[in-house]
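Chemist: Sharing input-v6.txt, compact mmCIF, C-alpha atoms and all ligand atoms:
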```
# COMPACT_ATOMS: atom_id res chain seq x y z
CA MET A 11 -15.03 108.29 -25.12
CA ASN A 12 -13.49 111.60 -26.14
CA SER A 13 -15.25 114.73 -24.97
CA LEU A 14 -16.81 116.94 -27.61
CA PRO A 15 -14.15 119.70 -27.47
CA GLU A 16 -11.51 117.08 -28.04
CA LYS A 17 -13.37 115.62 -30.97
CA ILE A 18 -13.76 119.07 -32.44
CA LYS A 19 -10.05 119.62 -32.11
CA LYS A 20 -9.44 116.38 -33.99
CA TYR A 21 -11.89 117.24 -36.74
CA ARG A 22 -10.55 120.76 -37.07
CA GLN A 23 -7.16 119.27 -37.70
CA LEU A 24 -8.59 116.85 -40.22
CA PHE A 25 -10.45 119.66 -41.96
CA ASN A 26 -7.39 121.88 -42.21
CA ASP A 27 -5.35 118.96 -43.40
CA LEU A 28 -7.79 118.07 -46.16
CA ALA A 29 -8.38 121.71 -47.07
CA SER A 30 -4.68 122.27 -47.63
CA LYS A 31 -4.61 119.36 -50.08
CA ILE A 32 -7.44 120.55 -52.30
CA LYS A 33 -6.51 120.68 -55.99
CA ASP A 34 -9.80 121.23 -57.77
CA LYS A 35 -13.49 121.79 -57.27
CA LYS A 36 -14.13 118.07 -57.12
CA ASP A 37 -11.93 117.77 -54.01
CA LEU A 38 -13.69 120.79 -52.60
CA GLU A 39 -17.11 119.26 -53.12
CA GLU A 40 -15.93 116.05 -51.43
CA LEU A 41 -14.68 118.02 -48.45
CA ARG A 42 -17.99 119.85 -48.18
CA GLN A 43 -19.87 116.54 -48.25
CA ALA A 44 -17.52 114.97 -45.68
CA PHE A 45 -18.22 117.72 -43.17
CA LEU A 46 -21.64 119.13 -44.02
CA GLY A 47 -23.29 116.19 -45.80
CA ARG A 48 -26.86 115.98 -44.59
CA LYS A 49 -26.70 112.40 -43.28
CA LYS A 50 -23.09 111.41 -42.70
CA GLY A 51 -21.24 114.72 -42.55
CA TYR A 52 -18.89 114.86 -39.52
CA LEU A 53 -20.48 118.03 -38.31
CA THR A 54 -23.95 116.65 -38.76
CA LEU A 55 -23.01 113.64 -36.67
CA LEU A 56 -21.40 115.83 -34.02
CA PHE A 57 -24.58 117.88 -33.74
CA GLU A 58 -26.47 114.64 -33.20
CA GLU A 59 -24.27 113.82 -30.24
CA LEU A 60 -25.60 116.92 -28.48
CA LYS A 61 -28.80 115.02 -27.85
CA HIS A 62 -27.13 112.86 -25.25
CA LEU A 63 -25.81 115.74 -23.14
CA SER A 64 -27.35 117.45 -20.14
CA PRO A 65 -28.83 120.92 -20.73
CA GLU A 66 -25.79 122.81 -19.33
CA GLU A 67 -23.30 120.66 -21.23
CA LYS A 68 -25.41 121.05 -24.32
CA LYS A 69 -25.25 124.82 -24.12
CA ALA A 70 -21.47 124.96 -23.83
CA ALA A 71 -20.81 122.22 -26.37
CA GLY A 72 -23.41 123.64 -28.74
CA SER A 73 -21.71 127.00 -28.94
CA ILE A 74 -18.27 125.43 -29.55
CA LEU A 75 -19.81 123.31 -32.26
CA ASN A 76 -21.51 126.27 -33.87
CA ASN A 77 -18.24 128.16 -33.93
CA PHE A 78 -16.59 125.21 -35.60
CA LYS A 79 -19.37 125.01 -38.18
CA GLU A 80 -18.99 128.69 -39.00
CA GLU A 81 -15.25 128.22 -39.34
CA VAL A 82 -15.80 125.32 -41.75
CA GLN A 83 -18.32 127.28 -43.80
CA ALA A 84 -16.06 130.32 -43.97
CA SER A 85 -13.10 128.27 -45.19
CA LEU A 86 -15.27 126.43 -47.69
CA SER A 87 -16.58 129.64 -49.19
CA LYS A 88 -13.06 131.04 -49.37
CA LEU A 89 -11.95 127.90 -51.17
CA GLU A 90 -14.95 128.18 -53.46
CA GLN A 91 -13.69 131.50 -54.74
CA LYS A 92 -10.51 129.74 -55.73
CA TYR A 93 -12.32 126.82 -57.36
CA PRO A 94 -15.66 128.27 -58.45
CA MET A 95 -18.51 126.03 -59.47
CA PRO A 96 -19.39 126.30 -63.15
CA ARG A 97 -22.60 128.31 -63.67
CA ALA A 98 -24.65 125.51 -65.15
CA GLU A 99 -24.05 123.31 -62.12
CA LYS A 100 -25.04 126.08 -59.78
CA THR A 101 -28.27 127.13 -61.52
CA LEU A 102 -29.71 123.83 -62.56
CA PHE A 103 -32.98 124.03 -64.49
CA ASP A 104 -36.09 123.25 -62.55
CA LEU A 105 -37.72 120.81 -64.92
CA THR A 106 -40.95 120.84 -62.95
CA LEU A 107 -41.69 124.51 -63.74
CA PRO A 108 -44.41 125.00 -66.36
CA GLY A 109 -43.07 126.28 -69.68
CA ARG A 110 -43.48 129.84 -70.86
CA LYS A 111 -46.19 130.17 -73.49
CA THR A 112 -45.50 132.21 -76.61
CA TYR A 113 -48.46 134.03 -78.07
CA TRP A 114 -48.42 134.53 -81.80
CA GLY A 115 -50.20 137.38 -83.49
CA ALA A 116 -52.66 136.52 -86.25
CA PRO A 117 -54.50 138.47 -88.93
CA HIS A 118 -57.89 139.87 -87.94
CA PRO A 119 -60.90 137.91 -89.28
CA LEU A 120 -61.85 140.83 -91.54
CA THR A 121 -58.33 140.93 -92.95
CA LEU A 122 -58.53 137.20 -93.66
CA PHE A 123 -61.90 137.65 -95.35
CA GLN A 124 -60.64 140.59 -97.40
CA ARG A 125 -57.66 138.52 -98.55
CA LYS A 126 -60.02 135.77 -99.64
CA ILE A 127 -61.95 138.28 -101.77
CA GLU A 128 -58.72 139.72 -103.21
CA LYS A 129 -57.49 136.25 -104.15
CA ILE A 130 -60.63 135.51 -106.18
CA PHE A 131 -60.35 138.75 -108.15
CA ILE A 132 -56.60 138.45 -108.61
CA SER A 133 -57.22 134.99 -110.12
CA MET A 134 -59.46 136.73 -112.69
CA GLY A 135 -56.72 139.18 -113.66
CA PHE A 136 -57.69 142.13 -111.43
CA SER A 137 -55.08 144.15 -109.56
CA VAL A 138 -55.45 145.78 -106.13
CA GLU A 139 -55.46 149.59 -105.69
CA GLU A 140 -55.83 151.82 -102.64
CA GLY A 141 -56.79 155.42 -101.97
CA PRO A 142 -56.95 157.95 -99.11
CA GLU A 143 -59.47 157.64 -96.28
CA ILE A 144 -59.68 161.43 -95.98
CA GLU A 145 -61.17 162.68 -99.25
CA THR A 146 -62.19 165.90 -100.89
CA ASP A 147 -65.84 166.62 -101.65
CA TYR A 148 -64.87 166.48 -105.33
CA TYR A 149 -63.69 162.84 -105.34
CA ASN A 150 -66.22 161.51 -102.85
CA PHE A 151 -69.25 163.20 -104.47
CA GLU A 152 -68.91 165.63 -107.35
CA ALA A 153 -66.79 163.60 -109.74
CA LEU A 154 -69.14 160.70 -109.06
CA ASN A 155 -72.02 162.77 -110.35
CA PHE A 156 -73.50 163.92 -107.04
CA PRO A 157 -74.07 167.67 -107.52
CA PRO A 158 -73.88 169.85 -104.39
CA TYR A 159 -77.12 169.68 -102.36
CA HIS A 160 -78.32 166.65 -104.35
CA PRO A 161 -80.66 164.57 -102.15
CA ALA A 162 -78.69 161.41 -102.99
CA ARG A 163 -75.99 162.75 -100.68
CA ASP A 164 -78.33 162.19 -97.73
CA SER A 165 -77.77 158.44 -97.69
CA TRP A 166 -74.01 159.00 -97.61
CA ASP A 167 -73.92 161.38 -94.65
CA THR A 168 -70.46 161.46 -93.16
CA LEU A 169 -68.03 163.17 -90.81
CA TYR A 170 -66.66 166.39 -92.25
CA ILE A 171 -63.22 167.67 -91.39
CA ASN A 172 -63.94 171.07 -92.95
CA ASP A 173 -65.91 172.41 -95.95
CA LYS A 174 -63.73 170.58 -98.44
CA LEU A 175 -62.41 167.52 -96.56
CA LEU A 176 -64.39 164.57 -95.27
CA LEU A 177 -63.99 160.93 -94.29
CA ARG A 178 -64.82 159.01 -97.47
CA THR A 179 -68.24 157.39 -97.41
CA HIS A 180 -67.36 154.70 -99.95
CA THR A 181 -64.40 153.37 -101.90
CA SER A 182 -65.85 154.77 -105.16
CA PRO A 183 -63.68 157.97 -105.11
CA VAL A 184 -60.70 155.72 -105.83
CA GLN A 185 -62.38 154.84 -109.17
CA ILE A 186 -61.92 158.49 -110.14
CA ARG A 187 -58.34 158.69 -108.85
CA VAL A 188 -57.35 155.60 -110.85
CA MET A 189 -59.18 156.66 -114.07
CA GLU A 190 -57.48 160.06 -113.93
CA LYS A 191 -54.10 158.37 -114.06
CA LYS A 192 -54.61 155.19 -116.09
CA LYS A 193 -56.04 154.68 -119.51
CA PRO A 194 -58.28 151.68 -120.24
CA PRO A 195 -58.23 148.72 -120.12
CA ILE A 196 -58.69 148.93 -116.34
CA ARG A 197 -59.47 145.93 -114.16
CA ILE A 198 -59.07 146.69 -110.45
CA ILE A 199 -60.45 146.14 -106.98
CA ILE A 200 -60.10 148.68 -104.16
CA PRO A 201 -60.44 147.45 -100.57
CA GLY A 202 -60.48 149.89 -97.64
CA LYS A 203 -62.13 151.61 -94.70
CA VAL A 204 -65.15 153.84 -95.20
CA PHE A 205 -67.10 156.09 -92.82
CA ARG A 206 -70.72 157.15 -92.41
CA ARG A 207 -72.65 159.09 -89.84
CA GLU A 208 -74.25 156.08 -88.17
CA THR A 209 -75.22 155.20 -84.63
CA SER A 210 -73.78 151.80 -83.81
CA ASP A 211 -76.18 148.85 -83.64
CA PRO A 212 -75.86 145.12 -84.47
CA THR A 213 -75.50 145.85 -88.21
CA HIS A 214 -74.15 149.43 -88.30
CA LEU A 215 -70.97 151.18 -87.28
CA PRO A 216 -69.61 154.61 -88.24
CA MET A 217 -66.61 152.81 -89.78
CA PHE A 218 -66.64 149.66 -91.87
CA HIS A 219 -64.91 148.12 -94.88
CA GLN A 220 -65.76 147.97 -98.54
CA VAL A 221 -64.21 146.52 -101.63
CA GLU A 222 -64.81 148.35 -104.87
CA GLY A 223 -64.45 146.83 -108.30
CA LEU A 224 -63.98 148.63 -111.62
CA VAL A 225 -63.64 147.36 -115.19
CA VAL A 226 -63.25 149.74 -118.14
CA ASP A 227 -62.60 148.62 -121.70
CA GLN A 228 -64.14 148.64 -125.15
CA GLY A 229 -67.35 146.64 -125.54
CA ILE A 230 -68.03 146.04 -121.81
CA THR A 231 -71.70 145.22 -121.13
CA PHE A 232 -73.98 144.40 -118.20
CA ALA A 233 -73.44 140.71 -119.08
CA HIS A 234 -69.77 141.05 -118.05
CA LEU A 235 -70.84 142.57 -114.75
CA LYS A 236 -73.32 139.77 -114.09
CA GLY A 237 -70.99 136.97 -115.12
CA THR A 238 -68.06 138.26 -113.06
CA LEU A 239 -70.10 138.91 -109.91
CA GLU A 240 -71.82 135.53 -110.17
CA TYR A 241 -68.46 133.80 -110.49
CA PHE A 242 -67.12 135.80 -107.53
CA ILE A 243 -70.07 135.11 -105.23
CA LYS A 244 -70.02 131.40 -106.03
CA ALA A 245 -66.28 131.25 -105.39
CA LEU A 246 -66.89 132.90 -102.01
CA PHE A 247 -70.05 131.13 -100.84
CA GLY A 248 -70.05 127.90 -102.86
CA GLU A 249 -71.62 126.80 -106.17
CA LYS A 250 -75.09 126.33 -104.69
CA ILE A 251 -75.62 129.89 -103.43
CA LYS A 252 -78.60 131.68 -105.00
CA LEU A 253 -78.29 135.33 -105.94
CA ARG A 254 -80.50 137.96 -107.52
CA PHE A 255 -80.02 141.34 -109.16
CA ARG A 256 -82.48 144.06 -108.19
CA PRO A 257 -82.79 147.41 -110.01
CA SER A 258 -81.44 150.28 -107.94
CA PHE A 259 -80.05 153.79 -108.22
CA PHE A 260 -76.58 155.27 -107.83
CA PRO A 261 -75.64 158.67 -109.34
CA PHE A 262 -72.43 157.21 -110.81
CA THR A 263 -73.85 154.09 -112.52
CA GLU A 264 -76.61 153.64 -115.11
CA PRO A 265 -78.30 151.22 -115.05
CA SER A 266 -77.71 150.29 -111.42
CA ALA A 267 -78.44 147.16 -109.44
CA GLU A 268 -78.15 145.74 -105.98
CA VAL A 269 -77.18 142.13 -105.50
CA ASP A 270 -78.79 139.97 -102.83
CA ILE A 271 -77.71 136.52 -101.81
CA GLU A 272 -79.90 133.85 -100.33
CA CYS A 273 -80.00 133.98 -96.50
CA ILE A 274 -77.40 131.50 -95.30
CA ALA A 275 -79.03 131.15 -91.89
CA CYS A 276 -82.57 130.14 -92.96
CA HIS A 277 -82.49 129.69 -96.77
CA GLY A 278 -85.76 131.57 -96.87
CA LYS A 279 -87.51 129.02 -94.69
CA ASN A 280 -87.89 131.01 -91.47
CA SER A 281 -90.26 133.96 -91.43
CA GLN A 282 -88.83 134.98 -88.03
CA CYS A 283 -85.16 134.74 -89.15
CA ARG A 284 -82.95 137.21 -87.24
CA VAL A 285 -80.42 137.39 -90.06
CA CYS A 286 -82.68 138.26 -93.02
CA GLY A 287 -85.78 139.45 -91.19
CA GLY A 288 -87.79 136.69 -92.87
CA THR A 289 -87.25 137.91 -96.46
CA GLY A 290 -84.85 135.08 -97.33
CA TRP A 291 -82.39 137.52 -98.97
CA LYS A 292 -79.50 139.71 -97.86
CA GLU A 293 -78.11 142.62 -99.85
CA ILE A 294 -74.34 142.50 -100.14
CA LEU A 295 -73.39 144.93 -102.90
CA GLY A 296 -74.32 147.76 -105.21
CA ALA A 297 -73.24 147.77 -108.85
CA GLY A 298 -73.92 149.13 -112.33
CA LEU A 299 -72.51 150.32 -115.63
CA VAL A 300 -70.28 153.37 -115.22
CA ASP A 301 -72.34 156.51 -115.96
CA PRO A 302 -71.09 158.33 -119.13
CA GLN A 303 -70.87 161.55 -117.09
CA VAL A 304 -68.29 159.91 -114.80
CA PHE A 305 -66.18 159.01 -117.85
CA LYS A 306 -66.42 162.61 -119.07
CA ASN A 307 -65.22 163.83 -115.65
CA VAL A 308 -62.00 161.84 -116.06
CA ASN A 309 -61.52 162.46 -119.80
CA ILE A 310 -62.36 158.97 -120.96
CA ASP A 311 -64.48 158.93 -124.13
CA PRO A 312 -67.84 157.29 -123.30
CA GLU A 313 -68.45 156.69 -127.01
CA LYS A 314 -65.37 154.51 -127.17
CA TYR A 315 -65.28 152.92 -123.73
CA SER A 316 -67.77 151.40 -121.32
CA GLY A 317 -67.37 149.82 -117.92
CA TRP A 318 -68.95 148.43 -114.80
CA ALA A 319 -68.36 148.91 -111.11
CA PHE A 320 -69.47 147.41 -107.84
CA GLY A 321 -69.08 148.14 -104.13
CA LEU A 322 -69.37 145.38 -101.55
CA GLY A 323 -69.57 145.67 -97.75
CA ILE A 324 -66.83 143.42 -96.38
CA ASP A 325 -68.00 143.37 -92.74
CA ARG A 326 -71.60 142.51 -93.59
CA THR A 327 -70.63 139.85 -96.08
CA ALA A 328 -68.27 138.29 -93.52
CA MET A 329 -71.14 138.31 -91.00
CA LEU A 330 -73.23 136.32 -93.47
CA ALA A 331 -70.42 133.94 -94.38
CA TYR A 332 -69.66 133.13 -90.73
CA GLU A 333 -73.22 133.61 -89.38
CA ILE A 334 -72.16 136.35 -86.98
CA PRO A 335 -75.19 138.28 -85.64
CA GLU A 336 -73.24 141.36 -84.40
CA ILE A 337 -70.95 143.60 -86.47
CA ARG A 338 -69.45 144.96 -83.23
CA TYR A 339 -67.91 141.55 -82.39
CA PHE A 340 -65.29 142.34 -85.03
CA TYR A 341 -64.10 145.41 -83.14
CA GLU A 342 -64.29 144.41 -79.47
CA ASN A 343 -60.95 142.56 -79.51
CA ASP A 344 -62.34 139.70 -77.45
CA LEU A 345 -59.76 136.96 -78.00
CA ARG A 346 -62.40 134.24 -77.52
CA PHE A 347 -64.08 135.58 -80.65
CA LEU A 348 -60.95 136.40 -82.66
CA ARG A 349 -59.17 133.08 -82.02
CA GLN A 350 -61.93 131.14 -83.77
CA PHE A 351 -60.70 132.45 -87.11
CA ILE A 352 -57.02 131.56 -86.75
CA ARG A 353 -55.95 128.91 -89.20
CA ARG A 354 -52.57 127.30 -88.66
N1 LIG A 401 -70.42 153.14 -103.54
C1 LIG A 401 -71.69 152.50 -103.42
C2 LIG A 401 -72.08 152.44 -101.93
O1 LIG A 401 -71.26 152.68 -101.09
C3 LIG A 401 -71.66 151.11 -103.98
C4 LIG A 401 -71.42 151.08 -105.47
C5 LIG A 401 -70.14 151.02 -105.98
C6 LIG A 401 -72.49 151.11 -106.35
C7 LIG A 401 -69.93 150.99 -107.34
C8 LIG A 401 -72.30 151.05 -107.71
C9 LIG A 401 -71.01 150.99 -108.21
O2 LIG A 401 -73.21 152.14 -101.60
```
Go through the file and emit its structure as structure tokens.
Modeler:
Amino acid sequence: MNSLPEKIKKYRQLFNDLASKIKDKKDLEELRQAFLGRKKGYLTLLFEELKHLSPEEKKAAGSILNNFKEEVQASLSKLEQKYPMPRAEKTLFDLTLPGRKTYWGAPHPLTLFQRKIEKIFISMGFSVEEGPEIETDYYNFEALNFPPYHPARDSWDTLYINDKLLLRTHTSPVQIRVMEKKKPPIRIIIPGKVFRRETSDPTHLPMFHQVEGLVVDQGITFAHLKGTLEYFIKALFGEKIKLRFRPSFFPFTEPSAEVDIECIACHGKNSQCRVCGGTGWKEILGAGLVDPQVFKNVNIDPEKYSGWAFGLGIDRTAMLAYEIPEIRYFYENDLRFLRQFIRR
């Protein structure tokens, strides 16, 4: 039997011989397998032979063998530069890795609810208008028939920027802005953010959303207001929903009303109900016929034209529609809450 150094000499010759004949990367891969293949590679087999040697012999033979291995590896990597492996073969996909998840954005539940409201009014021929969130005292109060120091201002306390500018307390100032520019007939809704000086609790926040409605034309009566709001509320909550109009007061409408809908949680059957406090009703909007003084303020002749307006709290109505007990859930950005509203 040949000694190990002799065998190595023979294999070195074989390696050099084969290496000189390489024409492409396939030959190169075959050469690598022939010498370094994990089971039958010549070098692998030579290393196995070390087992049968005595410790001293093993040491000497081992180092010769290691040198040979390094030689082979060095030549192989040199050859590899000449015949490089294509990228795809080198970096094969690991099919066992879990895929990367893509997260899609989605509209906020209040945006979805607002769109639902807009759709109903658009189907009735209304168009959508917007106005500034920072308002002047004139548009937010005076033009709407709230004189300075009038006690009615108390229930619309807000955050003032200076003596003249404030964060609007309702979407009603946009009524004025639109009537200043457009002549009747007017049929619009105005969604947007509004602000009040409130301490946050389960049903109050210093910022929330309203949608205003305004209709001005010849011959408009309270019947139009009632019919349109009834149609709207039934389209939103279903045919069976009960609603009621209660007399109320707003400086910019006369007569004025508030509209309540039947409590969706208890239908008036639970005197301990957390949603309606046992009354069976929930107020969702204020409304009325446009006060003649408001028309005068925007140069519309109240003898010729009449109109109606309403203002609805979007957040509170959404809370009722989805039976959500906490207004703050809308603003906490907890994905477990928000994802429940995504429709795909
Ligand atoms: N702006 C009133 C509010 O915020 C609601 C309202 C709008 C009432 C239009 C009547 C007409 O409470």
Chemist: Could you list, as a short mmCIF file (atom, residue, chain, number, x, y, z; two decimals) with C-alpha atoms, in the frame of the given file, all the residues within 7 Å of ligand LIG 401 (chain A), counting only C-alpha atoms and all ligand atoms?
Modeler:
```cif
data_model
loop_
_atom_site.label_atom_id
_atom_site.label_comp_id
_atom_site.auth_asym_id
_atom_site.auth_seq_id
_atom_site.Cartn_x
_atom_site.Cartn_y
_atom_site.Cartn_z
CA THR A 179 -68.24 157.39 -97.41
CA HIS A 180 -67.36 154.70 -99.95
CA THR A 181 -64.40 153.37 -101.90
CA SER A 182 -65.85 154.77 -105.16
CA GLU A 222 -64.81 148.35 -104.87
CA GLY A 223 -64.45 146.83 -108.30
CA PHE A 260 -76.58 155.27 -107.83
CA PHE A 262 -72.43 157.21 -110.81
CA THR A 263 -73.85 154.09 -112.52
CA SER A 266 -77.71 150.29 -111.42
CA LEU A 295 -73.39 144.93 -102.90
CA GLY A 296 -74.32 147.76 -105.21
CA ALA A 297 -73.24 147.77 -108.85
CA GLY A 298 -73.92 149.13 -112.33
CA ALA A 319 -68.36 148.91 -111.11
CA PHE A 320 -69.47 147.41 -107.84
CA GLY A 321 -69.08 148.14 -104.13
CA LEU A 322 -69.37 145.38 -101.55
#
```
Chemist: How many Å lie between atom CA of A:Leu246 and atom CA of A:Lys126, rounded to one decimal?
Modeler: 7.8 Å
Chemist: Please, what distance in Å, to one decimal, runs between atom CA of A:Tyr332 and atom CA of A:His219?
Modeler: 16.3 Å
Chemist: If I take atom CA of A:Asp270 and atom CA of A:Lys292, how far is one from the other in Å, to one decimal?
Modeler: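 Between these atoms lies a distance of 5.0 Å.
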Chemist: Ranking A:Ala116, A:Met134, A:Ile271, A:Ile144 by minimum distance to A:Ile171 and counting all atoms listed in the file, which one comes first?
Modeler: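 Smallest separation from A:Ile171 among the options: A:Ile144.
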Chemist: I'd like the contact shell of stretch 28-39 of chain A - 10 Å cut-off, only C-alpha atoms, skipping same-chain residues fewer than 3 positions apart - returned as a PyMOL selection string.
Modeler: chain A and resi 22-25+42-44+82+85-87+89-90+92-96
Chemist: Looking at all atoms listed in the file, which of A:Lys129, A:Leu105, A:Phe123, A:Val285 is the one that sits closest to A:Thr213?
Modeler: A:Val285
Chemist: I'd like the neighbourhood of A:Ile198 as a list in words, where a residue qualifies if any of its atoms comes within 8 Å (using only C-alpha atoms), though same-chain residues fewer than 5 positions away should be ignored.
Modeler: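 Surrounding residues, per the criterion: Phe136, Ser137, Val138, Glu139, Gly223, Leu224 and Val225 of chain A.
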Chemist: If we count all atoms listed in the file, what is near A:Phe218 at a cut-off of 10 Å, once residues fewer than 2 positions away on the same chain are taken out, given as a ChimeraX atom specification?
Modeler: /A:179-180,202-206,214-216,220,323-326,337
Chemist: Smallest atom-to-atom distance to A:Leu169: which of A:Met217, A:Ala233, A:Ile274, A:Leu299, using all atoms listed in the file?
Modeler: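 Looking at the shortest contact to A:Leu169, the residue is A:Met217.
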Chemist: Using only C-alpha atoms, pick whichever of A:Asn150, A:Thr121, A:Gln303, A:Ser133 has the shortest atom-to-atom distance to A:Thr168.
Modeler: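 Of A:Asn150, A:Thr121, A:Gln303, A:Ser133, the one nearest A:Thr168 is A:Asn150, counting only C-alpha atoms.
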Chemist: Here is a test: counting all atoms listed in the file, which residue of A:Phe347, A:Phe255, A:Phe78, A:Tyr113 is nearest to A:Ile294?
Modeler: A:Phe255
Chemist: Counting only C-alpha atoms, what is within 9 Å of stretch 45-60 of chain A, bar same-chain residues fewer than 3 positions away, as a PyMOL selection string?
Modeler: chain A and resi 14+17-18+21+25+40-42+63-64+67-68+71-72+75-76+78-79+82-83
Chemist: Counting all atoms listed in the file, which residue out of A:Ile127, A:Asp211, A:Glu140, A:Tyr149 sits closest to A:Tyr241?
Modeler: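 Ranking A:Ile127, A:Asp211, A:Glu140, A:Tyr149 by distance to A:Tyr241, first place goes to A:Ile127.
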Chemist: I want to know what sits within 9 Å of stretch 287-289 of chain A, based on only C-alpha atoms, with residues of the same chain fewer than 5 positions away left out; could you give that as a VMD selection string?
Modeler: chain A and resid 273 276 278 to 282
